[in-house]
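Q: Input structure: run_23.tsv, which contains TSV, C-alpha atoms.
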```
chain	number	residue	atom	x	y	z
A	1	MET	CA	50.47	5.12	30.49
A	2	LYS	CA	52.84	5.46	33.43
A	3	SER	CA	56.23	3.91	34.03
A	4	LEU	CA	58.22	3.65	37.22
A	5	VAL	CA	61.35	3.11	35.15
A	6	LYS	CA	63.24	5.70	33.09
A	7	THR	CA	63.39	4.19	29.61
A	8	LYS	CA	65.67	4.89	26.68
A	9	LEU	CA	64.23	3.84	23.32
A	10	ILE	CA	67.08	3.12	20.89
A	11	TRP	CA	65.72	3.38	17.35
A	12	ASP	CA	67.18	1.91	14.20
A	13	ILE	CA	66.57	4.08	11.11
A	14	ASP	CA	66.31	2.18	7.81
A	15	GLY	CA	63.34	-0.17	7.73
A	16	THR	CA	62.25	0.94	11.19
A	17	LEU	CA	61.59	4.68	11.08
A	18	LEU	CA	61.76	5.13	7.33
A	19	LYS	CA	61.82	3.33	4.01
A	20	THR	CA	64.57	4.52	1.67
A	21	ASN	CA	63.23	2.80	-1.48
A	22	GLY	CA	66.83	2.12	-2.52
A	23	ALA	CA	67.67	5.84	-2.57
A	24	ALA	CA	70.69	5.38	-0.31
A	25	ALA	CA	71.99	2.30	-2.13
A	26	ILE	CA	72.49	4.22	-5.38
A	27	PRO	CA	75.09	6.78	-4.19
A	28	PHE	CA	76.58	4.20	-1.81
A	29	ALA	CA	77.27	1.72	-4.61
A	30	LYS	CA	78.65	4.50	-6.81
A	31	ALA	CA	81.06	5.68	-4.10
A	32	VAL	CA	82.38	2.14	-3.59
A	33	SER	CA	82.55	1.54	-7.36
A	34	ASP	CA	84.53	4.74	-7.90
A	35	PHE	CA	87.07	3.66	-5.27
A	36	ALA	CA	87.26	0.05	-6.46
A	37	GLY	CA	87.41	0.84	-10.16
A	38	VAL	CA	84.78	-1.84	-10.82
A	39	ASN	CA	81.01	-1.79	-10.70
A	40	VAL	CA	79.50	-3.07	-7.45
A	41	GLU	CA	75.91	-3.72	-6.45
A	42	ILE	CA	74.38	-3.85	-2.99
A	43	ASP	CA	72.28	-6.85	-1.99
A	44	ARG	CA	69.95	-4.96	0.32
A	45	LYS	CA	68.32	-8.10	1.75
A	46	ASN	CA	71.52	-9.96	2.64
A	47	LEU	CA	73.24	-6.84	3.94
A	48	SER	CA	70.28	-5.70	6.01
A	49	GLY	CA	71.43	-4.82	9.51
A	50	PHE	CA	75.05	-4.27	8.47
A	51	THR	CA	76.61	-0.89	9.21
A	52	ASP	CA	77.75	1.46	6.47
A	53	TYR	CA	81.34	0.57	7.36
A	54	GLU	CA	80.63	-3.17	7.21
A	55	ILE	CA	78.85	-2.89	3.85
A	56	ALA	CA	81.71	-0.96	2.24
A	57	MET	CA	84.27	-3.34	3.72
A	58	HIS	CA	82.29	-6.37	2.52
A	59	LEU	CA	81.93	-5.02	-1.02
A	60	LEU	CA	85.66	-4.38	-1.29
A	61	SER	CA	86.76	-7.61	0.41
A	62	SER	CA	84.49	-9.70	-1.81
A	63	ARG	CA	86.45	-8.35	-4.79
A	64	ASN	CA	89.83	-8.82	-3.12
A	65	ILE	CA	90.43	-5.08	-3.06
A	66	SER	CA	92.68	-3.93	-0.24
A	67	PHE	CA	91.74	-0.93	1.87
A	68	GLU	CA	92.41	0.84	5.13
A	69	MET	CA	89.79	2.17	7.52
A	70	ARG	CA	90.43	5.74	6.40
A	71	ASP	CA	89.56	4.62	2.85
A	72	ILE	CA	86.15	3.48	4.10
A	73	SER	CA	85.57	6.85	5.75
A	74	GLU	CA	86.47	8.62	2.51
A	75	ILE	CA	84.08	6.38	0.55
A	76	LEU	CA	81.30	7.17	3.03
A	77	GLY	CA	82.09	10.87	2.79
A	78	GLN	CA	81.58	10.73	-0.98
A	79	TYR	CA	78.38	8.71	-0.50
A	80	VAL	CA	76.90	11.26	1.92
A	81	LYS	CA	77.85	14.12	-0.43
A	82	ASN	CA	75.63	12.58	-3.14
A	83	LEU	CA	72.93	11.27	-0.80
A	84	PRO	CA	70.63	14.35	-0.70
A	85	ASN	CA	70.22	14.43	-4.49
A	86	SER	CA	69.36	10.72	-4.53
A	87	LEU	CA	66.81	11.13	-1.74
A	88	GLU	CA	65.24	13.98	-3.67
A	89	SER	CA	65.19	11.98	-6.91
A	90	VAL	CA	63.91	8.67	-5.54
A	91	GLY	CA	62.07	9.78	-2.41
A	92	ILE	CA	61.93	8.14	1.00
A	93	ASP	CA	58.95	7.49	3.24
A	94	LEU	CA	58.26	7.59	6.95
A	95	LEU	CA	56.95	4.28	8.24
A	96	ASN	CA	53.84	3.83	10.38
A	97	ASN	CA	53.37	7.53	11.17
A	98	ALA	CA	56.75	7.57	12.87
A	99	ASP	CA	56.72	11.35	13.31
A	100	LYS	CA	53.47	11.26	15.27
A	101	THR	CA	54.71	8.34	17.37
A	102	LEU	CA	57.96	10.12	18.20
A	103	GLU	CA	56.12	13.31	19.11
A	104	LYS	CA	53.91	11.46	21.60
A	105	LEU	CA	56.86	9.61	23.10
A	106	LEU	CA	58.90	12.79	23.42
A	107	ASN	CA	56.23	14.26	25.68
A	108	MET	CA	56.49	11.39	28.16
A	109	PRO	CA	58.75	12.36	31.08
A	110	THR	CA	60.11	8.83	31.59
A	111	ILE	CA	60.94	8.26	27.90
A	112	GLU	CA	64.12	9.38	26.14
A	113	LEU	CA	64.64	8.92	22.41
A	114	LEU	CA	67.94	7.66	20.98
A	115	ILE	CA	69.19	6.49	17.61
A	116	GLY	CA	71.23	3.29	17.35
A	117	THR	CA	72.00	2.78	13.67
A	118	GLY	CA	74.47	1.31	11.23
A	119	ASN	CA	74.38	4.58	9.30
A	120	CYS	CA	77.44	6.77	9.59
A	121	LEU	CA	76.66	9.95	11.54
A	122	SER	CA	76.51	12.34	8.60
A	123	GLY	CA	74.35	9.93	6.60
A	124	ALA	CA	71.97	9.43	9.51
A	125	LYS	CA	71.54	13.18	9.91
A	126	VAL	CA	70.80	13.66	6.21
A	127	LYS	CA	68.07	11.00	6.29
A	128	LEU	CA	66.50	12.16	9.56
A	129	GLU	CA	66.50	15.79	8.45
A	130	TYR	CA	65.08	14.91	5.03
A	131	VAL	CA	61.98	13.30	6.58
A	132	GLY	CA	61.70	15.95	9.30
A	133	ILE	CA	62.37	13.88	12.43
A	134	LYS	CA	65.91	14.92	13.36
A	135	ASN	CA	64.53	17.33	15.99
A	136	PHE	CA	63.28	14.40	18.06
A	137	PHE	CA	66.86	13.27	18.77
A	138	SER	CA	69.58	15.33	20.42
A	139	ASP	CA	73.05	15.06	18.90
A	140	GLU	CA	74.39	13.26	21.98
A	141	ASN	CA	71.71	10.60	21.49
A	142	LEU	CA	72.81	9.71	17.95
A	143	PHE	CA	74.78	6.47	18.13
A	144	CYS	CA	76.07	5.73	14.64
A	145	SER	CA	78.79	3.70	12.95
A	146	SER	CA	82.29	5.13	12.78
A	147	GLU	CA	85.89	4.00	12.39
A	148	SER	CA	85.97	3.01	16.06
A	149	HIS	CA	82.41	1.65	16.14
A	150	TRP	CA	82.30	-0.02	12.76
A	151	ASN	CA	79.96	-2.95	13.50
A	152	ARG	CA	76.49	-3.04	15.02
A	153	ASP	CA	77.56	-4.67	18.28
A	154	LEU	CA	79.94	-1.77	18.89
A	155	VAL	CA	77.28	0.82	18.03
A	156	ILE	CA	74.65	-0.73	20.28
A	157	GLY	CA	77.24	-1.30	22.98
A	158	LYS	CA	78.02	2.41	22.94
A	159	ALA	CA	74.31	3.23	23.18
A	160	LYS	CA	74.04	0.80	26.12
A	161	SER	CA	76.81	2.69	27.92
A	162	SER	CA	74.47	5.71	28.05
A	163	VAL	CA	71.83	3.71	29.95
A	164	ALA	CA	72.24	4.31	33.69
A	165	ALA	CA	71.86	1.57	36.30
A	166	ASN	CA	68.39	2.82	37.23
A	167	GLU	CA	67.23	2.96	33.61
A	168	ILE	CA	66.32	0.38	30.99
A	169	GLY	CA	67.18	0.40	27.31
A	170	ILE	CA	64.99	-0.94	24.53
A	171	VAL	CA	66.29	-1.37	20.99
A	172	ILE	CA	63.66	-1.02	18.25
A	173	GLY	CA	64.78	-2.51	14.95
A	174	ASP	CA	63.82	-4.46	11.86
A	175	SER	CA	66.70	-6.92	11.37
A	176	PRO	CA	68.05	-10.04	13.06
A	177	ARG	CA	71.25	-8.12	13.73
A	178	ASP	CA	69.30	-5.53	15.73
A	179	ILE	CA	67.96	-8.33	17.90
A	180	ILE	CA	71.31	-10.08	18.31
A	181	SER	CA	73.21	-6.88	19.12
A	182	ALA	CA	70.59	-5.82	21.65
A	183	ARG	CA	70.80	-9.15	23.40
A	184	ASN	CA	74.62	-9.07	23.32
A	185	SER	CA	74.41	-5.74	25.17
A	186	LEU	CA	71.79	-7.08	27.60
A	187	LEU	CA	69.14	-4.73	26.27
A	188	TYR	CA	65.50	-5.43	25.61
A	189	VAL	CA	64.46	-5.42	21.95
A	190	ILE	CA	61.23	-4.80	20.09
A	191	ALA	CA	61.38	-6.20	16.56
A	192	VAL	CA	59.38	-4.61	13.75
A	193	PRO	CA	58.93	-6.54	10.46
A	194	SER	CA	58.60	-3.32	8.47
A	195	GLY	CA	61.93	-3.64	6.67
A	196	ALA	CA	63.64	-6.42	4.73
A	197	HIS	CA	62.71	-9.24	7.13
A	198	THR	CA	59.41	-10.96	7.77
A	199	HIS	CA	57.74	-11.55	11.12
A	200	ALA	CA	58.84	-15.21	11.00
A	201	GLU	CA	62.45	-14.32	10.14
A	202	LEU	CA	62.64	-12.02	13.15
A	203	GLU	CA	60.73	-14.22	15.55
A	204	ILE	CA	63.25	-17.07	15.38
A	205	HIS	CA	65.84	-14.75	16.95
A	206	ARG	CA	63.64	-14.37	20.04
A	207	PRO	CA	63.17	-10.63	20.47
A	208	THR	CA	61.62	-9.49	23.73
A	209	GLU	CA	58.55	-8.33	21.80
A	210	ILE	CA	57.60	-8.30	18.14
A	211	LEU	CA	55.05	-6.11	16.37
A	212	ASN	CA	53.11	-6.54	13.17
A	213	LYS	CA	54.39	-5.00	9.94
A	214	ASN	CA	51.92	-2.11	9.96
A	215	TRP	CA	52.13	-1.46	13.68
A	216	GLN	CA	50.49	1.51	15.29
A	217	TYR	CA	51.47	3.68	18.24
A	218	SER	CA	49.14	1.71	20.52
A	219	ASP	CA	50.89	-1.56	19.57
A	220	LEU	CA	54.27	-0.10	20.48
A	221	ILE	CA	52.97	1.13	23.84
A	222	ILE	CA	51.60	-2.31	24.69
A	223	ALA	CA	55.00	-3.84	23.92
A	224	ILE	CA	56.80	-1.24	26.05
A	225	GLU	CA	54.39	-1.81	28.94
A	226	LYS	CA	55.03	-5.56	28.77
A	227	ILE	CA	58.75	-4.85	29.11
A	228	TRP	CA	58.11	-2.50	32.03
A	229	ALA	CA	56.18	-5.34	33.70
A	230	LEU	CA	59.35	-7.44	33.58
A	231	GLU	CA	61.10	-4.79	35.68
A	232	ILE	CA	58.50	-4.64	38.44
```
Any chance you could give the structure as structure tokens?
A:
Amino acid sequence: MKSLVKTKLIWDIDGTLLKTNGAAAIPFAKAVSDFAGVNVEIDRKNLSGFTDYEIAMHLLSSRNISFEMRDISEILGQYVKNLPNSLESVGIDLLNNADKTLEKLLNMPTIELLIGTGNCLSGAKVKLEYVGIKNFFSDENLFCSSESHWNRDLVIGKAKSSVAANEIGIVIGDSPRDIISARNSLLYVIAVPSGAHTHAELEIHRPTEILNKNWQYSDLIIAIEKIWALEI
């Protein structure tokens, strides 16, 4: 496989690289509940693709609880503090041999690996380190939600700003919001129905390419090569 174009692959985390099995939702809901003073639950399907900031804001707003952005950051700080114990208790899984795929991609001189996720930075690092794939991504290539980049469009837009004029960027994600944000930033997007959304649910949003649920490395390479062909 050879590309004439330097390519940045912008990976989502949850549902794309790994399956959390609800391990993150438990401490997240507790952190919001502790702040709100009422019990809250996370609808993982309907909130798929939302950033950590958006989820916390939605849960509070839906209960008419006022907050400031610094409150959201404090809630997320408490969530991340309790996240490792929940991951250890529930367990999370790598999807589709992601570690082997990343290792092969990392050895390609024209490929650079990035993260573009709705996770807050500290939460993203905890998850990536827990499953042993943090070393595939340099710190400057971690594009995560924050007070200034609180929604997915802003996160992906920031990742897009790292793509030079002579490079192409490809978002790889499992939600409609991944597709929409990639297109809003004029990036290519490969959809993977390995998370909360089916192949049909993703396909209607017209990603550049779409893989099967249990995709393999070879399937990803074919999709990338099709995108390269668009640039020739």
Q: Taking 6 positions as the minimum chain separation for residues in the same chain, which residues sit within 7 Å of Pro193 in chain A when counting all atoms listed in the file? Answer as a PyMOL selection string.
A: chain A and resi 174+199+212-213
Q: For Glu88 in chain A, list every protein, DNA or RNA residue within 12 Å, evaluated using only C-alpha atoms, and leave out those in the same chain fewer than 2 positions away; present the list as an MDAnalysis selection string.
A: chainID A and resid 20:21 23:24 82:86 90:93 126:127 130:131
Q: Please, which residues are within 7 Å of (68.2, 14.0, 24.9) by the file's coordinates, counting all atoms listed in the file, and could they come as a list in words?
A: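 Output: Glu112, Leu113, Phe137, Ser138, Glu140 and Asn141 of chain A.
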Q: Those residues you just picked out, can you put them in a file as a compact mmCIF listing (two decimals), in the frame of the given file with C-alpha atoms?
A:
```
# COMPACT_ATOMS: atom_id res chain seq x y z
CA GLU A 112 64.12 9.38 26.14
CA LEU A 113 64.64 8.92 22.41
CA PHE A 137 66.86 13.27 18.77
CA SER A 138 69.58 15.33 20.42
CA GLU A 140 74.39 13.26 21.98
CA ASN A 141 71.71 10.60 21.49
```
Q: As an MDAnalysis selection string, please: the residues near range 202-211 of chain A (cut-off 6 Å, only C-alpha atoms, same-chain neighbours under 4 positions excluded).
A: chainID A and resid 176 179 188:192
Q: Grab the residues selected above and save them as a tab-separated table (two decimals), keeping the file's coordinate frame with C-alpha atoms.
A:
```
chain	number	residue	atom	x	y	z
A	176	PRO	CA	68.05	-10.04	13.06
A	179	ILE	CA	67.96	-8.33	17.90
A	188	TYR	CA	65.50	-5.43	25.61
A	189	VAL	CA	64.46	-5.42	21.95
A	190	ILE	CA	61.23	-4.80	20.09
A	191	ALA	CA	61.38	-6.20	16.56
A	192	VAL	CA	59.38	-4.61	13.75
```
Q: Can you work out the spacing between CA of Lys30 in chain A and CA of Thr117 in chain A in Å, to one decimal?
A: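 A separation of 21.6 Å between them.
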Q: Counting only C-alpha atoms, select every polymer residue within 8 Å of (62.4, 9.2, 27.8) as defined in the file's coordinates, and provide the selection as number ranges by chain.
A: A: 6-9, 105-106, 108-113
Q: Could you check which of A:Ala164, A:Leu220, A:Leu230, A:Met57 is closest to Arg70 in chain A, using only C-alpha atoms?
A: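 The closest residue to Arg70 in chain A is A:Met57.
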Q: Check the smallest atom-to-atom distance from each of A:Thr51, A:Gln216, A:Asn135, A:Asn39 to Trp150 in chain A using all atoms listed in the file, then report the winner.
A: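 Looking at the shortest contact to Trp150 in chain A, the residue is A:Thr51.
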Q: Could you tell me how far CA of Leu94 in chain A sits from CA of Val32 in chain A, in Å to one decimal place?
A: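 Separation between CA of Val32 in chain A and CA of Leu94 in chain A: 26.9 Å.
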Q: My list of candidates is A:Gly22, A:Gly195, A:Gly77, A:Gly37. Which is closest to Ser89 in chain A when distances are computed with all atoms listed in the file?
A: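 Nearest candidate to Ser89 in chain A out of A:Gly22, A:Gly195, A:Gly77, A:Gly37: A:Gly22.
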Q: Counting all atoms listed in the file, which residues of range 40-137 of chain A fall within 12 Å of range 181-184 of chain A, and what is the closest atom pair for each with its distance in Å at one decimal, ordered by chain and rising number, as a Markdown table?
A:
```
| residue | atom | partner | partner_atom | distance |
| --- | --- | --- | --- | --- |
| A:Gly49 | CA | A:Ser181 | CA | 10.0 |
| A:Phe50 | CA | A:Ser181 | CA | 11.1 |
| A:Gly116 | CA | A:Ala182 | CA | 10.1 |
| A:Thr117 | CA | A:Ser181 | CA | 11.2 |
| A:Gly118 | CA | A:Ser181 | CA | 11.4 |
```
Q: If we count only C-alpha atoms, what is near Leu102 in chain A at a cut-off of 9 Å, once residues fewer than 4 positions away on the same chain are taken out, given as an NGL selection string?
A: :A and (97-98 or 106-107 or 113 or 133 or 136)
Q: For Ser145 in chain A, please output as a list in words all residues within 8 Å (counting only C-alpha atoms; exclusion window: fewer than 2 positions along the same chain).
A: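 Residues meeting the cut-off are Thr51, Asp52, Tyr53, Thr117, Gly118, Asn119, Cys120, Leu121, Phe143, Glu147, Ser148, His149, Trp150, Asn151, Arg152 and Val155 of chain A.
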Q: What is the distance between CA of Val163 in chain A and CA of Val5 in chain A, in Å to one decimal?
A: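 So the two atoms, CA of Val163 in chain A and CA of Val5 in chain A, lie 11.7 Å apart.
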Q: Between A:Leu87, A:Ser194, A:Ser33, A:Ile168, which residue has the minimum interatomic distance to Ile227 in chain A, considering all atoms listed in the file?
A: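 The answer is A:Ile168, which sits nearest to Ile227 in chain A.
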Q: Point out the residue among A:Glu41, A:Glu68, A:Asp34, A:Glu54 with the least atom-to-atom distance to Ser146 in chain A, counting all atoms listed in the file.
A: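 Once distances to Ser146 in chain A are computed over all atoms listed in the file, the minimum belongs to A:Glu54.
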Q: Missing atoms in range 107-143 of chain A: fill them in up to N, CA and C atoms and send the result as an mmCIF file, in the coordinates of the input.
A:
```
data_model
loop_
_atom_site.group_PDB
_atom_site.id
_atom_site.type_symbol
_atom_site.label_atom_id
_atom_site.label_comp_id
_atom_site.auth_asym_id
_atom_site.auth_seq_id
_atom_site.Cartn_x
_atom_site.Cartn_y
_atom_site.Cartn_z
ATOM 1 N N ASN A 107 56.947 13.543 24.627
ATOM 2 C CA ASN A 107 56.230 14.260 25.680
ATOM 3 C C ASN A 107 56.058 13.451 26.955
ATOM 4 N N MET A 108 56.579 12.226 26.968
ATOM 5 C CA MET A 108 56.490 11.390 28.160
ATOM 6 C C MET A 108 57.741 11.588 29.011
ATOM 7 N N PRO A 109 57.587 12.009 30.256
ATOM 8 C CA PRO A 109 58.750 12.360 31.080
ATOM 9 C C PRO A 109 59.708 11.212 31.363
ATOM 10 N N THR A 110 59.228 9.967 31.283
ATOM 11 C CA THR A 110 60.110 8.830 31.590
ATOM 12 C C THR A 110 60.715 8.209 30.337
ATOM 13 N N ILE A 111 60.432 8.794 29.166
ATOM 14 C CA ILE A 111 60.940 8.260 27.900
ATOM 15 C C ILE A 111 62.003 9.189 27.329
ATOM 16 N N GLU A 112 63.097 8.622 26.857
ATOM 17 C CA GLU A 112 64.120 9.380 26.140
ATOM 18 C C GLU A 112 64.379 8.679 24.812
ATOM 19 N N LEU A 113 64.496 9.461 23.751
ATOM 20 C CA LEU A 113 64.640 8.920 22.410
ATOM 21 C C LEU A 113 66.092 8.953 21.952
ATOM 22 N N LEU A 114 66.579 7.804 21.483
ATOM 23 C CA LEU A 114 67.940 7.660 20.980
ATOM 24 C C LEU A 114 67.905 7.027 19.596
ATOM 25 N N ILE A 115 68.963 7.202 18.858
ATOM 26 C CA ILE A 115 69.190 6.490 17.610
ATOM 27 C C ILE A 115 70.340 5.517 17.814
ATOM 28 N N GLY A 116 70.156 4.269 17.365
ATOM 29 C CA GLY A 116 71.230 3.290 17.350
ATOM 30 C C GLY A 116 71.238 2.658 15.979
ATOM 31 N N THR A 117 72.098 3.128 15.089
ATOM 32 C CA THR A 117 72.000 2.780 13.670
ATOM 33 C C THR A 117 73.342 2.413 13.063
ATOM 34 N N GLY A 118 73.274 1.639 11.997
ATOM 35 C CA GLY A 118 74.470 1.310 11.230
ATOM 36 C C GLY A 118 74.881 2.418 10.287
ATOM 37 N N ASN A 119 74.030 3.426 10.126
ATOM 38 C CA ASN A 119 74.380 4.580 9.300
ATOM 39 C C ASN A 119 75.561 5.321 9.918
ATOM 40 N N CYS A 120 76.431 5.853 9.080
ATOM 41 C CA CYS A 120 77.440 6.770 9.590
ATOM 42 C C CYS A 120 76.718 8.040 10.045
ATOM 43 N N LEU A 121 77.343 8.813 10.914
ATOM 44 C CA LEU A 121 76.660 9.950 11.540
ATOM 45 C C LEU A 121 76.124 10.942 10.529
ATOM 46 N N SER A 122 76.954 11.341 9.572
ATOM 47 C CA SER A 122 76.510 12.340 8.600
ATOM 48 C C SER A 122 75.376 11.817 7.734
ATOM 49 N N GLY A 123 75.425 10.530 7.384
ATOM 50 C CA GLY A 123 74.350 9.930 6.600
ATOM 51 C C GLY A 123 73.060 9.851 7.379
ATOM 52 N N ALA A 124 73.156 9.499 8.655
ATOM 53 C CA ALA A 124 71.970 9.430 9.510
ATOM 54 C C ALA A 124 71.300 10.795 9.611
ATOM 55 N N LYS A 125 72.102 11.838 9.793
ATOM 56 C CA LYS A 125 71.540 13.180 9.910
ATOM 57 C C LYS A 125 70.830 13.607 8.628
ATOM 58 N N VAL A 126 71.430 13.297 7.484
ATOM 59 C CA VAL A 126 70.800 13.660 6.210
ATOM 60 C C VAL A 126 69.435 13.000 6.090
ATOM 61 N N LYS A 127 69.345 11.721 6.408
ATOM 62 C CA LYS A 127 68.070 11.000 6.290
ATOM 63 C C LYS A 127 67.034 11.528 7.279
ATOM 64 N N LEU A 128 67.439 11.692 8.533
ATOM 65 C CA LEU A 128 66.500 12.160 9.560
ATOM 66 C C LEU A 128 66.007 13.567 9.261
ATOM 67 N N GLU A 129 66.902 14.424 8.782
ATOM 68 C CA GLU A 129 66.500 15.790 8.450
ATOM 69 C C GLU A 129 65.596 15.814 7.215
ATOM 70 N N TYR A 130 65.873 14.931 6.264
ATOM 71 C CA TYR A 130 65.080 14.910 5.030
ATOM 72 C C TYR A 130 63.614 14.603 5.320
ATOM 73 N N VAL A 131 63.358 13.673 6.257
ATOM 74 C CA VAL A 131 61.980 13.300 6.580
ATOM 75 C C VAL A 131 61.429 14.077 7.767
ATOM 76 N N GLY A 132 62.205 15.035 8.287
ATOM 77 C CA GLY A 132 61.700 15.950 9.300
ATOM 78 C C GLY A 132 61.604 15.408 10.707
ATOM 79 N N ILE A 133 62.449 14.419 11.066
ATOM 80 C CA ILE A 133 62.370 13.880 12.430
ATOM 81 C C ILE A 133 63.680 14.027 13.204
ATOM 82 N N LYS A 134 64.652 14.743 12.654
ATOM 83 C CA LYS A 134 65.910 14.920 13.360
ATOM 84 C C LYS A 134 65.714 15.627 14.691
ATOM 85 N N ASN A 135 64.738 16.544 14.782
ATOM 86 C CA ASN A 135 64.530 17.330 15.990
ATOM 87 C C ASN A 135 64.074 16.496 17.183
ATOM 88 N N PHE A 136 63.690 15.253 16.953
ATOM 89 C CA PHE A 136 63.280 14.400 18.060
ATOM 90 C C PHE A 136 64.477 13.780 18.785
ATOM 91 N N PHE A 137 65.660 13.918 18.215
ATOM 92 C CA PHE A 137 66.860 13.270 18.770
ATOM 93 C C PHE A 137 67.973 14.297 18.959
ATOM 94 N N SER A 138 68.452 14.442 20.181
ATOM 95 C CA SER A 138 69.580 15.330 20.420
ATOM 96 C C SER A 138 70.839 14.720 19.837
ATOM 97 N N ASP A 139 71.813 15.558 19.526
ATOM 98 C CA ASP A 139 73.050 15.060 18.900
ATOM 99 C C ASP A 139 73.756 14.031 19.772
ATOM 100 N N GLU A 140 73.718 14.219 21.097
ATOM 101 C CA GLU A 140 74.390 13.260 21.980
ATOM 102 C C GLU A 140 73.672 11.914 22.054
ATOM 103 N N ASN A 141 72.456 11.859 21.512
ATOM 104 C CA ASN A 141 71.710 10.600 21.490
ATOM 105 C C ASN A 141 71.728 9.918 20.128
ATOM 106 N N LEU A 142 72.640 10.349 19.260
ATOM 107 C CA LEU A 142 72.810 9.710 17.950
ATOM 108 C C LEU A 142 74.001 8.765 18.016
ATOM 109 N N PHE A 143 73.728 7.479 18.069
ATOM 110 C CA PHE A 143 74.780 6.470 18.130
ATOM 111 C C PHE A 143 74.866 5.796 16.760
#
```
